[in-house]
file structure-v3.cif (mmCIF, C-alpha atoms (C1' of nucleotides))
data_structure
loop_
_atom_site.group_PDB
_atom_site.id
_atom_site.type_symbol
_atom_site.label_atom_id
_atom_site.label_comp_id
_atom_site.auth_asym_id
_atom_site.auth_seq_id
_atom_site.Cartn_x
_atom_site.Cartn_y
_atom_site.Cartn_z
ATOM 1 C CA MET Y 1319 38.228 76.036 120.123
ATOM 2 C CA LYS Y 1320 40.336 79.019 121.123
ATOM 3 C CA THR Y 1321 43.634 79.659 119.452
ATOM 4 C CA ALA Y 1322 46.367 80.785 121.776
ATOM 5 C CA LEU Y 1323 48.300 83.252 119.655
ATOM 6 C CA HIS Y 1324 51.568 82.531 121.389
ATOM 7 C CA GLU Y 1325 51.334 79.033 120.015
ATOM 8 C CA TRP Y 1326 51.568 80.349 116.482
ATOM 9 C CA ASN Y 1327 53.615 83.521 116.616
ATOM 10 C CA LEU Y 1328 56.938 81.840 117.171
ATOM 11 C CA ALA Y 1329 60.434 82.556 115.956
ATOM 12 C CA PRO Y 1330 61.735 79.767 113.684
ATOM 13 C CA LYS Y 1331 63.929 78.328 116.402
ATOM 14 C CA GLU Y 1332 61.039 78.030 118.865
ATOM 15 C CA ALA Y 1333 58.706 76.706 116.184
ATOM 16 C CA ILE Y 1334 61.155 73.935 115.379
ATOM 17 C CA ALA Y 1335 61.475 72.985 119.034
ATOM 18 C CA LEU Y 1336 57.692 72.846 119.355
ATOM 19 C CA GLN Y 1337 57.399 70.628 116.287
ATOM 20 C CA LYS Y 1338 59.751 68.058 117.796
ATOM 21 C CA GLU Y 1339 57.711 68.076 120.976
ATOM 22 C CA LEU Y 1340 54.320 67.819 119.275
ATOM 23 C CA ALA Y 1341 55.432 65.076 116.901
ATOM 24 C CA GLN Y 1342 55.797 62.751 119.879
ATOM 25 C CA GLN Y 1343 52.101 63.116 120.587
ATOM 26 C CA LEU Y 1344 50.984 61.862 117.180
ATOM 27 C CA GLU Y 1345 48.984 58.654 116.967
ATOM 28 C CA LEU Y 1346 49.787 56.699 113.836
ATOM 29 C CA THR Y 1347 47.288 53.918 114.350
ATOM 30 C CA ASP Y 1348 43.616 54.156 113.457
ATOM 31 C CA ARG Y 1349 41.373 55.883 115.963
ATOM 32 C CA ILE Y 1350 38.584 56.995 113.679
ATOM 33 C CA ASP Y 1351 34.904 57.396 114.454
ATOM 34 C CA PRO Y 1352 32.443 55.982 111.897
ATOM 35 C CA VAL Y 1353 32.876 58.312 108.947
ATOM 36 C CA THR Y 1354 29.835 60.277 107.785
ATOM 37 C CA HIS Y 1355 31.609 63.492 106.772
ATOM 38 C CA ILE Y 1356 35.030 64.170 105.265
ATOM 39 C CA ALA Y 1357 36.537 67.635 104.969
ATOM 40 C CA GLY Y 1358 39.119 68.943 102.521
ATOM 41 C CA MET Y 1359 41.252 71.950 103.445
ATOM 42 C CA ASP Y 1360 43.520 74.243 101.454
ATOM 43 C CA ILE Y 1361 44.939 77.750 101.604
ATOM 44 C CA GLY Y 1362 45.222 80.502 99.025
ATOM 45 C CA PHE Y 1363 46.482 84.090 99.080
ATOM 46 C CA GLU Y 1364 45.220 87.492 97.949
ATOM 47 C CA ASP Y 1365 46.466 91.072 98.012
ATOM 48 C CA ASN Y 1366 49.967 90.143 96.940
ATOM 49 C CA GLY Y 1367 50.074 87.631 99.770
ATOM 50 C CA ASP Y 1368 48.938 90.007 102.497
ATOM 51 C CA THR Y 1369 45.663 88.139 102.994
ATOM 52 C CA THR Y 1370 45.428 84.429 103.709
ATOM 53 C CA ARG Y 1371 42.356 82.665 102.420
ATOM 54 C CA ALA Y 1372 41.414 79.357 104.079
ATOM 55 C CA ALA Y 1373 38.976 77.052 102.312
ATOM 56 C CA VAL Y 1374 37.233 74.067 103.868
ATOM 57 C CA VAL Y 1375 34.813 71.860 101.961
ATOM 58 C CA LEU Y 1376 32.619 69.450 103.901
ATOM 59 C CA LEU Y 1377 31.506 66.340 102.050
ATOM 60 C CA ARG Y 1378 29.004 63.674 102.956
ATOM 61 C CA TRP Y 1379 30.555 60.206 102.875
ATOM 62 C CA ASP Y 1380 28.259 57.554 101.455
ATOM 63 C CA PRO Y 1381 29.926 54.277 100.446
ATOM 64 C CA ALA Y 1382 26.986 53.535 98.158
ATOM 65 C CA THR Y 1383 27.675 56.480 95.874
ATOM 66 C CA ALA Y 1384 31.424 56.975 96.398
ATOM 67 C CA PRO Y 1385 33.480 58.433 94.911
ATOM 68 C CA ASP Y 1386 30.626 60.804 94.089
ATOM 69 C CA LEU Y 1387 30.534 62.792 97.282
ATOM 70 C CA THR Y 1388 27.907 65.393 98.096
ATOM 71 C CA VAL Y 1389 29.107 68.826 99.110
ATOM 72 C CA VAL Y 1390 27.393 69.717 102.387
ATOM 73 C CA GLU Y 1391 29.109 72.984 103.228
ATOM 74 C CA GLN Y 1392 31.805 75.305 101.892
ATOM 75 C CA ILE Y 1393 33.642 77.809 104.065
ATOM 76 C CA VAL Y 1394 36.036 80.576 103.051
ATOM 77 C CA HIS Y 1395 37.755 82.464 105.850
ATOM 78 C CA ARG Y 1396 40.193 85.372 105.444
ATOM 79 C CA GLU Y 1397 42.838 86.722 107.813
ATOM 80 C CA PRO Y 1398 45.942 88.887 107.509
ATOM 81 C CA THR Y 1399 48.941 86.760 106.583
ATOM 82 C CA ARG Y 1400 51.144 86.372 109.654
ATOM 83 C CA MET Y 1401 54.452 85.068 108.364
ATOM 84 C CA PRO Y 1402 56.319 84.205 105.170
ATOM 85 C CA TYR Y 1403 56.591 80.742 103.700
ATOM 86 C CA ILE Y 1404 59.505 78.884 105.238
ATOM 87 C CA PRO Y 1405 60.024 75.275 104.120
ATOM 88 C CA GLY Y 1406 59.303 73.052 107.108
ATOM 89 C CA LEU Y 1407 57.284 75.692 108.969
ATOM 90 C CA LEU Y 1408 54.261 75.847 106.695
ATOM 91 C CA SER Y 1409 51.781 74.996 109.450
ATOM 92 C CA PHE Y 1410 52.618 78.110 111.455
ATOM 93 C CA ARG Y 1411 51.777 80.234 108.433
ATOM 94 C CA GLU Y 1412 48.582 78.470 107.352
ATOM 95 C CA ILE Y 1413 46.901 76.750 110.303
ATOM 96 C CA PRO Y 1414 45.633 79.874 112.106
ATOM 97 C CA ALA Y 1415 43.501 80.799 109.099
ATOM 98 C CA ALA Y 1416 42.435 77.174 108.678
ATOM 99 C CA LEU Y 1417 41.175 77.096 112.267
ATOM 100 C CA GLY Y 1418 39.080 80.167 111.531
ATOM 101 C CA ALA Y 1419 37.405 78.282 108.716
ATOM 102 C CA PHE Y 1420 36.799 75.149 110.803
ATOM 103 C CA GLU Y 1421 35.197 77.268 113.519
ATOM 104 C CA LYS Y 1422 32.572 78.365 111.016
ATOM 105 C CA LEU Y 1423 31.691 74.793 110.084
ATOM 106 C CA SER Y 1424 28.299 73.691 111.412
ATOM 107 C CA VAL Y 1425 29.294 70.023 111.509
ATOM 108 C CA MET Y 1426 32.743 68.669 112.265
ATOM 109 C CA PRO Y 1427 34.038 65.857 110.042
ATOM 110 C CA GLU Y 1428 35.399 62.543 111.310
ATOM 111 C CA LEU Y 1429 38.267 62.749 108.808
ATOM 112 C CA ILE Y 1430 40.184 65.601 107.176
ATOM 113 C CA MET Y 1431 42.322 65.607 104.049
ATOM 114 C CA VAL Y 1432 44.867 68.426 103.951
ATOM 115 C CA ASP Y 1433 46.794 69.879 101.024
ATOM 116 C CA GLY Y 1434 50.341 69.287 102.294
ATOM 117 C CA GLN Y 1435 52.370 66.732 104.209
ATOM 118 C CA GLY Y 1436 51.382 64.688 107.247
ATOM 119 C CA ILE Y 1437 54.423 63.095 108.915
ATOM 120 C CA ALA Y 1438 56.479 63.216 105.700
ATOM 121 C CA HIS Y 1439 58.368 66.137 107.191
ATOM 122 C CA PRO Y 1440 61.891 66.649 108.602
ATOM 123 C CA ARG Y 1441 60.522 66.656 112.156
ATOM 124 C CA ARG Y 1442 57.443 64.537 111.393
ATOM 125 C CA LEU Y 1443 55.044 67.426 111.800
ATOM 126 C CA GLY Y 1444 53.738 68.574 108.461
ATOM 127 C CA ILE Y 1445 50.629 70.756 108.327
ATOM 128 C CA ALA Y 1446 48.225 67.796 108.284
ATOM 129 C CA ALA Y 1447 49.793 66.290 111.395
ATOM 130 C CA HIS Y 1448 49.838 69.619 113.219
ATOM 131 C CA LEU Y 1449 46.201 70.347 112.333
ATOM 132 C CA GLY Y 1450 45.123 66.875 113.411
ATOM 133 C CA LEU Y 1451 46.748 67.285 116.810
ATOM 134 C CA TRP Y 1452 45.182 70.691 117.314
ATOM 135 C CA LEU Y 1453 41.679 69.589 116.338
ATOM 136 C CA ASP Y 1454 42.123 66.091 117.779
ATOM 137 C CA LEU Y 1455 40.765 64.598 114.564
ATOM 138 C CA PRO Y 1456 42.121 62.056 112.079
ATOM 139 C CA THR Y 1457 44.013 63.803 109.253
ATOM 140 C CA ILE Y 1458 45.706 62.726 106.044
ATOM 141 C CA GLY Y 1459 48.344 64.756 104.222
ATOM 142 C CA VAL Y 1460 47.882 64.814 100.446
ATOM 143 C CA ALA Y 1461 50.714 66.787 98.868
ATOM 144 C CA LYS Y 1462 51.326 67.489 95.201
ATOM 145 C CA SER Y 1463 55.092 67.395 95.592
ATOM 146 C CA ARG Y 1464 57.801 66.137 97.898
ATOM 147 C CA LEU Y 1465 59.178 67.936 100.924
ATOM 148 C CA TYR Y 1466 61.138 65.182 102.619
ATOM 149 C CA GLY Y 1467 62.057 61.532 102.231
ATOM 150 C CA LYS Y 1468 63.452 59.212 99.581
ATOM 151 C CA HIS Y 1469 61.667 56.801 97.293
ATOM 152 C CA ASP Y 1470 62.035 54.528 94.295
ATOM 153 C CA GLU Y 1471 60.279 55.125 91.013
ATOM 154 C CA VAL Y 1472 56.557 54.436 91.243
ATOM 155 C CA GLY Y 1473 54.570 52.372 88.699
ATOM 156 C CA GLU Y 1474 52.622 54.124 85.942
ATOM 157 C CA GLU Y 1475 49.147 52.801 86.730
ATOM 158 C CA ARG Y 1476 46.545 54.313 89.022
ATOM 159 C CA GLY Y 1477 46.858 52.724 92.440
ATOM 160 C CA ASP Y 1478 50.568 51.966 92.153
ATOM 161 C CA TRP Y 1479 52.611 53.238 95.059
ATOM 162 C CA VAL Y 1480 55.994 52.957 96.715
ATOM 163 C CA PRO Y 1481 56.974 53.820 100.275
ATOM 164 C CA LEU Y 1482 58.460 57.205 101.094
ATOM 165 C CA ARG Y 1483 61.289 56.681 103.578
ATOM 166 C CA ALA Y 1484 63.440 58.616 105.996
ATOM 167 C CA GLY Y 1485 66.279 56.372 107.100
ATOM 168 C CA ARG Y 1486 64.644 53.116 108.130
ATOM 169 C CA ASP Y 1487 61.235 54.644 108.743
ATOM 170 C CA THR Y 1488 58.381 54.713 106.275
ATOM 171 C CA ILE Y 1489 56.870 58.187 106.520
ATOM 172 C CA GLY Y 1490 54.393 58.071 103.680
ATOM 173 C CA ALA Y 1491 53.712 56.850 100.163
ATOM 174 C CA VAL Y 1492 54.213 58.102 96.640
ATOM 175 C CA LEU Y 1493 50.913 57.284 94.987
ATOM 176 C CA ARG Y 1494 50.034 57.241 91.306
ATOM 177 C CA SER Y 1495 46.482 58.513 91.583
ATOM 178 C CA ARG Y 1496 46.025 58.740 87.807
ATOM 179 C CA ASN Y 1497 47.679 56.876 84.978
ATOM 180 C CA LYS Y 1498 50.893 58.494 83.850
ATOM 181 C CA VAL Y 1499 50.399 61.640 85.889
ATOM 182 C CA LYS Y 1500 52.757 63.106 88.481
ATOM 183 C CA PRO Y 1501 52.231 61.133 91.708
ATOM 184 C CA LEU Y 1502 50.791 62.325 95.013
ATOM 185 C CA PHE Y 1503 52.676 62.275 98.302
ATOM 186 C CA VAL Y 1504 50.350 60.748 100.871
ATOM 187 C CA SER Y 1505 51.238 60.584 104.543
ATOM 188 C CA PRO Y 1506 49.249 60.070 107.722
ATOM 189 C CA GLY Y 1507 48.734 63.100 109.920
ATOM 190 C CA HIS Y 1508 47.149 62.045 113.200
ATOM 191 C CA ARG Y 1509 45.013 59.141 114.479
ATOM 192 C CA ILE Y 1510 45.418 57.143 111.261
ATOM 193 C CA SER Y 1511 47.842 54.656 109.717
ATOM 194 C CA LEU Y 1512 49.509 54.924 106.320
ATOM 195 C CA GLU Y 1513 47.557 51.926 105.045
ATOM 196 C CA THR Y 1514 44.224 53.455 106.016
ATOM 197 C CA SER Y 1515 45.312 56.830 104.645
ATOM 198 C CA LEU Y 1516 45.941 55.249 101.251
ATOM 199 C CA GLU Y 1517 42.586 53.473 101.365
ATOM 200 C CA TRP Y 1518 40.726 56.712 101.989
ATOM 201 C CA VAL Y 1519 42.602 58.600 99.294
ATOM 202 C CA MET Y 1520 41.883 55.851 96.777
ATOM 203 C CA ARG Y 1521 38.254 55.713 97.843
ATOM 204 C CA CYS Y 1522 37.790 59.446 97.309
ATOM 205 C CA LEU Y 1523 39.434 59.483 93.897
ATOM 206 C CA GLY Y 1524 37.206 60.610 91.057
ATOM 207 C CA ARG Y 1525 38.477 61.122 87.529
ATOM 208 C CA THR Y 1526 41.206 63.528 88.518
ATOM 209 C CA LYS Y 1527 44.567 63.287 90.170
ATOM 210 C CA LEU Y 1528 43.448 64.732 93.494
ATOM 211 C CA PRO Y 1529 40.936 63.051 95.813
ATOM 212 C CA GLU Y 1530 37.615 64.978 95.902
ATOM 213 C CA PRO Y 1531 38.077 66.628 99.323
ATOM 214 C CA THR Y 1532 41.359 68.348 98.469
ATOM 215 C CA ARG Y 1533 40.417 68.876 94.834
ATOM 216 C CA LEU Y 1534 37.347 70.878 95.856
ATOM 217 C CA ALA Y 1535 39.163 72.724 98.641
ATOM 218 C CA ASP Y 1536 41.953 73.528 96.187
ATOM 219 C CA ARG Y 1537 39.448 74.961 93.773
ATOM 220 C CA LEU Y 1538 37.709 77.010 96.451
ATOM 221 C CA ALA Y 1539 41.005 78.443 97.671
ATOM 222 C CA SER Y 1540 42.343 79.154 94.195
ATOM 223 C CA ARG Y 1541 42.998 82.504 92.608
ATOM 224 C CA ARG Y 1542 40.729 81.541 89.754
ATOM 225 C CA ASP Y 1543 37.811 80.945 92.102
ATOM 226 C CA GLN Y 1544 38.510 84.188 93.927
ATOM 227 C CA ARG Y 1545 38.046 86.046 90.678
ATOM 228 C CA LYS Y 1546 34.864 84.157 89.963
ATOM 229 C CA GLN Y 1547 33.446 84.986 93.391
ATOM 230 C CA ALA Y 1548 34.414 88.634 93.007
ATOM 231 C CA ALA Y 1549 32.549 88.730 89.699
ATOM 232 C CA ILE Y 1550 29.460 87.196 91.303
ATOM 233 C CA GLN Y 1551 29.570 89.771 94.094
ATOM 234 C CA ALA Y 1552 29.892 92.586 91.577
ATOM 235 C CA SER Y 1553 26.897 91.396 89.544
ATOM 236 C CA GLU Y 1554 24.798 91.011 92.701
ATOM 237 C CA ASN Y 1555 25.660 94.507 93.826
ATOM 238 C CA ALA Y 1556 24.905 95.839 90.345
ATOM 239 C CA SER Y 1557 21.489 94.172 90.232
ATOM 240 C CA VAL Y 1558 20.614 95.606 93.651
ATOM 241 C CA ASP Y 1559 21.452 99.146 92.551
ATOM 242 C "C1'" DG N 582 80.231 74.667 102.657
ATOM 243 C "C1'" DC N 583 76.638 73.408 98.991
ATOM 244 C "C1'" DG N 584 71.950 72.064 97.664
ATOM 245 C "C1'" DA N 585 66.938 70.977 98.799
ATOM 246 C "C1'" DC N 586 62.932 72.985 100.076
ATOM 247 C "C1'" DA N 587 54.868 71.216 101.194
ATOM 248 C "C1'" DG N 588 52.368 75.927 99.856
ATOM 249 C "C1'" DA E 1293 51.236 80.121 96.653
ATOM 250 C "C1'" DT E 1294 51.254 83.634 92.519
ATOM 251 C "C1'" DC E 1295 52.359 85.998 87.812
ATOM 252 C "C1'" DT E 1296 49.487 83.955 83.046
ATOM 253 C "C1'" DT E 1297 47.217 81.907 76.882
ATOM 254 C "C1'" DG E 1298 47.277 78.990 74.166
ATOM 255 C "C1'" DT E 1299 48.097 74.475 73.162
ATOM 256 C "C1'" DC E 1300 49.602 69.373 72.767
ATOM 257 C "C1'" DG E 1301 47.579 64.946 73.898
ATOM 258 C "C1'" DC E 1302 44.400 61.117 75.635
#

call {"tool": "encode", "arguments": {"input": "structure-v3.cif", "output": "structure tokens"}}
result
Amino acid sequence: MKTALHEWNLAPKEAIALQKELAQQLELTDRIDPVTHIAGMDIGFEDNGDTTRAAVVLLRWDPATAPDLTVVEQIVHREPTRMPYIPGLLSFREIPAALGAFEKLSVMPELIMVDGQGIAHPRRLGIAAHLGLWLDLPTIGVAKSRLYGKHDEVGEERGDWVPLRAGRDTIGAVLRSRNKVKPLFVSPGHRISLETSLEWVMRCLGRTKLPEPTRLADRLASRRDQRKQAAIQASENASVD
DNA sequence: GCGACAG
DNA sequence: ATCTTGTCGC
């Protein structure tokens, strides 16, 4: 997989035009190979934002032990940050680094859960949708807050959900993944339906609010984990001295 | 023109 | 996203 830089280094106006074009290529019906591995992806930043840190966690999917998934591989990939955060253009800022992490994976997953929106986006191309198109893999957007769309209040119990709408279209779901905790915004990215997206998120839910794939990727990409890793490196170097 | 606004 | 400790509650 080679990344054509011109595809990512775009001025906002061009990026927006490309999103509208790419959104038409999305498949919102299930086209998923038998799932044996699921990946979670998230991004973090270091050096006052100058370095982008992409984290991908590969998990083995076994219906017999779910939602206890086995971590098969963890990748952290760093690159210089290429552009600032602009609402609606998140994928152009974060996907290049994410691709670097996926390239280092020894096994590609059949399904990816991304921290961010799928089609619940003003032009229907959130980061999960964009990544899915690029990798040609099924993706689900699992966001911790809303970017776009309207919705009614959602029930208080785990599993309750209400549709997230944009005009007459349903673009995702507001899902209560834990009792009385702020809901998740789930939307299909590519090669998957909303119904199936919700099934997979529910299936991968452990005790916490986030499904295991994004929870672990979140943790690996976090500032807290960066500090922990730095400390481990320091102690290893010290013991070698 | 005035807000809203994933991470 | 990130800056940041303790603390209220199930």

call {"tool": "interface_residues", "arguments": {"input": "structure-v3.cif", "of": "chain Y", "to": "chain E", "cutoff": "8 Å", "atoms": "all atoms listed in the file", "output": "VMD selection string"}}
result
chain Y and resid 1362 to 1363 1366

call {"tool": "atom_distance", "arguments": {"input": "structure-v3.cif", "atom1": "atom CA of Lys1462 of chain Y", "atom2": "atom CA of Pro1531 of chain Y"}}
result
13.9 Å

call {"tool": "interface_residues", "arguments": {"input": "structure-v3.cif", "of": "chain N", "to": "chain Y", "cutoff": "8 Å", "atoms": "only C-alpha atoms (C1' of nucleotides)", "output": "ChimeraX atom specification"}}
result
/N:586-588

call {"tool": "resolve_selection", "arguments": {"input": "structure-v3.cif", "expression": "the PyMOL selection byres ((chain Y and resi 1338) around 12)", "output": "ChimeraX atom specification"}}
result
/Y:1331-1337,1339-1344,1406-1407,1437,1439-1444,1447-1448

call {"tool": "write_last_selection", "arguments": {"input": "structure-v3.cif", "atoms": "C-alpha atoms", "output": "PDB file, in the frame of the given file"}}
result
ATOM      1  CA  LYS Y1331      63.929  78.328 116.402  1.00  0.00           C
ATOM      2  CA  GLU Y1332      61.039  78.030 118.865  1.00  0.00           C
ATOM      3  CA  ALA Y1333      58.706  76.706 116.184  1.00  0.00           C
ATOM      4  CA  ILE Y1334      61.155  73.935 115.379  1.00  0.00           C
ATOM      5  CA  ALA Y1335      61.475  72.985 119.034  1.00  0.00           C
ATOM      6  CA  LEU Y1336      57.692  72.846 119.355  1.00  0.00           C
ATOM      7  CA  GLN Y1337      57.399  70.628 116.287  1.00  0.00           C
ATOM      8  CA  GLU Y1339      57.711  68.076 120.976  1.00  0.00           C
ATOM      9  CA  LEU Y1340      54.320  67.819 119.275  1.00  0.00           C
ATOM     10  CA  ALA Y1341      55.432  65.076 116.901  1.00  0.00           C
ATOM     11  CA  GLN Y1342      55.797  62.751 119.879  1.00  0.00           C
ATOM     12  CA  GLN Y1343      52.101  63.116 120.587  1.00  0.00           C
ATOM     13  CA  LEU Y1344      50.984  61.862 117.180  1.00  0.00           C
ATOM     14  CA  GLY Y1406      59.303  73.052 107.108  1.00  0.00           C
ATOM     15  CA  LEU Y1407      57.284  75.692 108.969  1.00  0.00           C
ATOM     16  CA  ILE Y1437      54.423  63.095 108.915  1.00  0.00           C
ATOM     17  CA  HIS Y1439      58.368  66.137 107.191  1.00  0.00           C
ATOM     18  CA  PRO Y1440      61.891  66.649 108.602  1.00  0.00           C
ATOM     19  CA  ARG Y1441      60.522  66.656 112.156  1.00  0.00           C
ATOM     20  CA  ARG Y1442      57.443  64.537 111.393  1.00  0.00           C
ATOM     21  CA  LEU Y1443      55.044  67.426 111.800  1.00  0.00           C
ATOM     22  CA  GLY Y1444      53.738  68.574 108.461  1.00  0.00           C
ATOM     23  CA  ALA Y1447      49.793  66.290 111.395  1.00  0.00           C
ATOM     24  CA  HIS Y1448      49.838  69.619 113.219  1.00  0.00           C
TER      25      HIS Y1448
END

call {"tool": "resolve_selection", "arguments": {"input": "structure-v3.cif", "expression": "the PyMOL selection byres ((chain Y and resi 1352) around 12)", "output": "ChimeraX atom specification"}}
result
/Y:1348-1351,1353-1356,1379-1381,1427-1429,1456

call {"tool": "atom_distance", "arguments": {"input": "structure-v3.cif", "atom1": "atom CA of Gly1507 of chain Y", "atom2": "atom CA of Lys1422 of chain Y"}}
result
22.3 Å

call {"tool": "atom_distance", "arguments": {"input": "structure-v3.cif", "atom1": "atom CA of Pro1398 of chain Y", "atom2": "atom CA of Ala1539 of chain Y"}}
result
15.2 Å

call {"tool": "resolve_selection", "arguments": {"input": "structure-v3.cif", "expression": "the PyMOL selection byres ((chain Y and resi 1497) around 12)", "output": "list in words"}}
result
Val1472, Gly1473, Glu1474, Glu1475, Arg1476, Gly1477, Asp1478, Trp1479, Leu1493, Arg1494, Ser1495, Arg1496, Lys1498, Val1499, Lys1500, Pro1501, Leu1502, Arg1525, Thr1526 and Lys1527 of chain Y; DC1302 of chain E

call {"tool": "residues_around", "arguments": {"input": "structure-v3.cif", "residues": "segment 1369-1373 of chain Y", "least_positions_apart": "5", "cutoff": "9 Å", "atoms": "only C-alpha atoms (C1' of nucleotides)", "output": "count of residues only"}}
result
31

call {"tool": "residues_near_point", "arguments": {"input": "structure-v3.cif", "point": "(62.0, 57.9, 94.5)", "cutoff": "10 Å", "atoms": "only C-alpha atoms (C1' of nucleotides)", "output": "list of chain:residue names"}}
result
Y:Arg1464, Y:Gly1467, Y:Lys1468, Y:His1469, Y:Asp1470, Y:Glu1471, Y:Val1472, Y:Val1480, Y:Pro1481, Y:Leu1482, Y:Arg1483, Y:Val1492

call {"tool": "write_last_selection", "arguments": {"input": "structure-v3.cif", "atoms": "C-alpha atoms", "output": "short mmCIF file (atom, residue, chain, number, x, y, z; two decimals), in the coordinates of the input"}}
result
data_model
loop_
_atom_site.label_atom_id
_atom_site.label_comp_id
_atom_site.auth_asym_id
_atom_site.auth_seq_id
_atom_site.Cartn_x
_atom_site.Cartn_y
_atom_site.Cartn_z
CA ARG Y 1464 57.80 66.14 97.90
CA GLY Y 1467 62.06 61.53 102.23
CA LYS Y 1468 63.45 59.21 99.58
CA HIS Y 1469 61.67 56.80 97.29
CA ASP Y 1470 62.04 54.53 94.30
CA GLU Y 1471 60.28 55.12 91.01
CA VAL Y 1472 56.56 54.44 91.24
CA VAL Y 1480 55.99 52.96 96.72
CA PRO Y 1481 56.97 53.82 100.28
CA LEU Y 1482 58.46 57.20 101.09
CA ARG Y 1483 61.29 56.68 103.58
CA VAL Y 1492 54.21 58.10 96.64
#

call {"tool": "residues_around", "arguments": {"input": "structure-v3.cif", "residues": "Glu1391 of chain Y", "least_positions_apart": "3", "cutoff": "10 Å", "atoms": "only C-alpha atoms (C1' of nucleotides)", "output": "VMD selection string"}}
result
chain Y and resid 1357 1374 to 1378 1388 1423 to 1425
